[in-house]
Each structure stands twice: as structure tokens, then as C-alpha cells.
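In what follows, a single structure is set out as C-alpha cells and then discussed.
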Amino acid sequence: MEVQEILKNLRLKNNLTQEEMASRVNVTRQAVSRWETGETQPNPELLKVLSREFNVSINTLLGSPRQLFCQCCGMPLNEDEMISRETDGNFNEDYCKWCYDDGNFAYKTKDSLLDFMLQHMPNPENKSDEERRAFYDSHLSQLKHWKK
């Protein structure tokens with residue numbers, strides 16, 4: 001879906017006129033109209049305002065141009081509800097809400113996350129804990145949070 005369609009759908013979903021949406025994000029009705037016709041797009045600061053005001057990630061507002069993955073555990077972030085938040089309520093698109101919440105990381109070390117994964121991830125091939133730990137570690141080491 002194109003940005004213009006996303007913004008229009010967001011406005012309609014919230015039962016707002018262009019004037020009401022403009023008022024909520026402190027722009028003119030004409031600006032909202034130009035967004036919806038594709039003539040212009042909101043600048044990065046307005047995307048942040050729209051994200052906060054309508055509780056959607058910037059990635060969603062832009063039509064999900066990139067697949068987000070938690071940079072701590074590697075989980076795909078397919079829905080906004082899975083994305084972590086900063087203390088100010090803004091989305092942090094780098095992490096899932098289980099690894100990072102309200103400015104705090106759930107796993108202080110990679111070993112603590114590996115321990116959790118060994119306990120909770122399925123093991124259909126009955127691999128040893130040592131093999132599984134090495135496998136998970138090799139994947140986690142590729143993520144921004146754990147890169148050395």
C-alpha cells in the first residue's frame with residue numbers, strides 16, 4: 001500500500017475529516033489533502049507526530065518498506081503491537097517489546113537470552129543443549145545489539 005493510501009485509511013479509520021486530522025498533528029487541511037493525493041509526504045518530524053498520535057510505527061506509515069527484526073532476539077516484528085516503546089511512548093523499531101521496554105533491556109547478557117531460548121524454544125531434532133546454544137549464538141551474534 002502506498003503512503004498516501006495509508007494516511008487516508010488512517011484518517012478514515014479514526015473517523016476524522018481532513019481538517020480534524022490536520023488539527024491533531026498541527027498542519028493545514030491542505031497539507032493532509034496533498035498527502036492523500038500523493039503530491040507530498042510528511043517529513044520525518046511529522047511522521048514521528050503521526051506515529052505518536054495514531055499509535056502506529058513509522059515503518060507502518062511508510063507502507064512497511066523494510067522487514068523489521070528485533071536486534072536483540074531476532075524475532076520478526078510483523079505487527080506494531082510487537083514493537084518496543086521508549087519511555088516517552090515512541091516506538092523503538094529496533095526491538096521487540098519482550099526484549100526492550102520502557103528504556104530497559106530484559107536480557108543484560110547474551111548468555112541470559114541464550115539460557116531463556118534453550119528453555120523455551122522447541123527442539124524437534126533432539127539436538128544437545130551445546131549444539132543448540134552454538135546455533136542460537138551464531139544467529140544472535142549477527143544482530144546489532146550483540147555485535148562486538
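Residue numbering restarts at 1 in every chain; chains get A, B, ... in the order shown in the C-alpha cells, and ligands count up from 1 in that same order.
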
Any idea what's packed within 12 Å of Leu46 (chain A), counting only C-alpha atoms, ignoring anything in its chain fewer than 2 positions away? Could you give it as a ChimeraX atom specification?
/A:7,22,24-27,31-32,35,41-44,48-54,58,61

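Every protein or nucleic acid residue with an atom no more than 10 Å from region 97-110 of chain A, counting only C-alpha atoms and leaving out same-chain residues fewer than 5 positions away, appears here: Cys70, Gln71, Cys72, Cys73, Met75, Leu77, Asp80, Glu81, Met82, Ile83, Ser84, Arg85, Glu86, Thr87, Asp88, Gly89, Asn90, Phe91, Asn92, Asp115, Phe116, Asp137, Leu140, Ser141, His145 and Trp146 of chain A.
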
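With only C-alpha atoms as the basis for measurement, A:Asp94 is the residue among A:Ser112, A:Thr28, A:Asp94, A:Glu39 that approaches Asn59 (chain A) most closely.
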
Test item, helix (DSSP H, G or I) assignment across region 2-148 of chain A, answer as a PyMOL selection string
chain A and resi 3-13+18-25+29-37+44-54+58-61+80-82+110-120+129-140

Between A:Leu47, A:Gln4, A:Lys13, A:Ser64, which one has atoms that come closest to Arg34 (chain A), using only C-alpha atoms?
A:Gln4

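Here the residues within region 75-144 of chain A that DSSP labels strand (DSSP E) on the basis of the backbone are A:Ile83, A:Ser84, A:Arg85, A:Phe91, A:Asn92, A:Glu93, A:Asp94, A:Tyr95, A:Cys96, A:Tyr100, A:Asp101, A:Asn104, A:Phe105.
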
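Nearest-residue note for Met121 (chain A): choosing from A:Glu36, A:Gln142, A:Arg133, A:Lys147, the minimum distance belongs to A:Arg133, counting only C-alpha atoms.
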
A straight line from CA of Gly38 (chain A) to CA of Pro76 (chain A) spans 29.4 Å

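Residue nearest Thr37 (chain A), chosen from A:Ile6, A:Leu143, A:Cys96, A:Leu68 and counting only C-alpha atoms: A:Ile6.
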
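What separates CA of Glu93 (chain A) from CA of Ser33 (chain A) is a distance of 27.9 Å.
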
Between CA of Asn78 (chain A) and CA of Asn15 (chain A) lies a distance of 25.3 Å

Write out as a ChimeraX atom specification each polymer residue whose atoms come within 9 Å of Leu118 (chain A), counting only C-alpha atoms; drop sequence neighbours fewer than 5 positions from it.
/A:113,123,129,132-133,136

Write the residues of the selection above to a file with N, CA and C atoms, as a compact mmCIF listing (two decimals), in the first residue's frame.
# COMPACT_ATOMS: atom_id res chain seq x y z
N LEU A 113 19.95 -14.49 27.54
CA LEU A 113 19.00 -14.74 26.45
C LEU A 113 19.15 -16.16 25.92
N ASN A 123 12.68 -28.16 20.27
CA ASN A 123 13.86 -28.91 19.86
C ASN A 123 13.42 -30.19 19.14
N ASP A 129 21.97 -29.48 24.10
CA ASP A 129 21.93 -28.08 24.51
C ASP A 129 23.15 -27.33 23.98
N ARG A 132 22.53 -26.55 20.29
CA ARG A 132 21.50 -25.51 20.17
C ARG A 132 22.05 -24.15 20.59
N ARG A 133 22.80 -24.11 21.70
CA ARG A 133 23.38 -22.86 22.17
C ARG A 133 24.30 -22.26 21.09
N TYR A 136 22.06 -20.89 18.19
CA TYR A 136 21.41 -19.62 18.56
C TYR A 136 22.44 -18.50 18.67
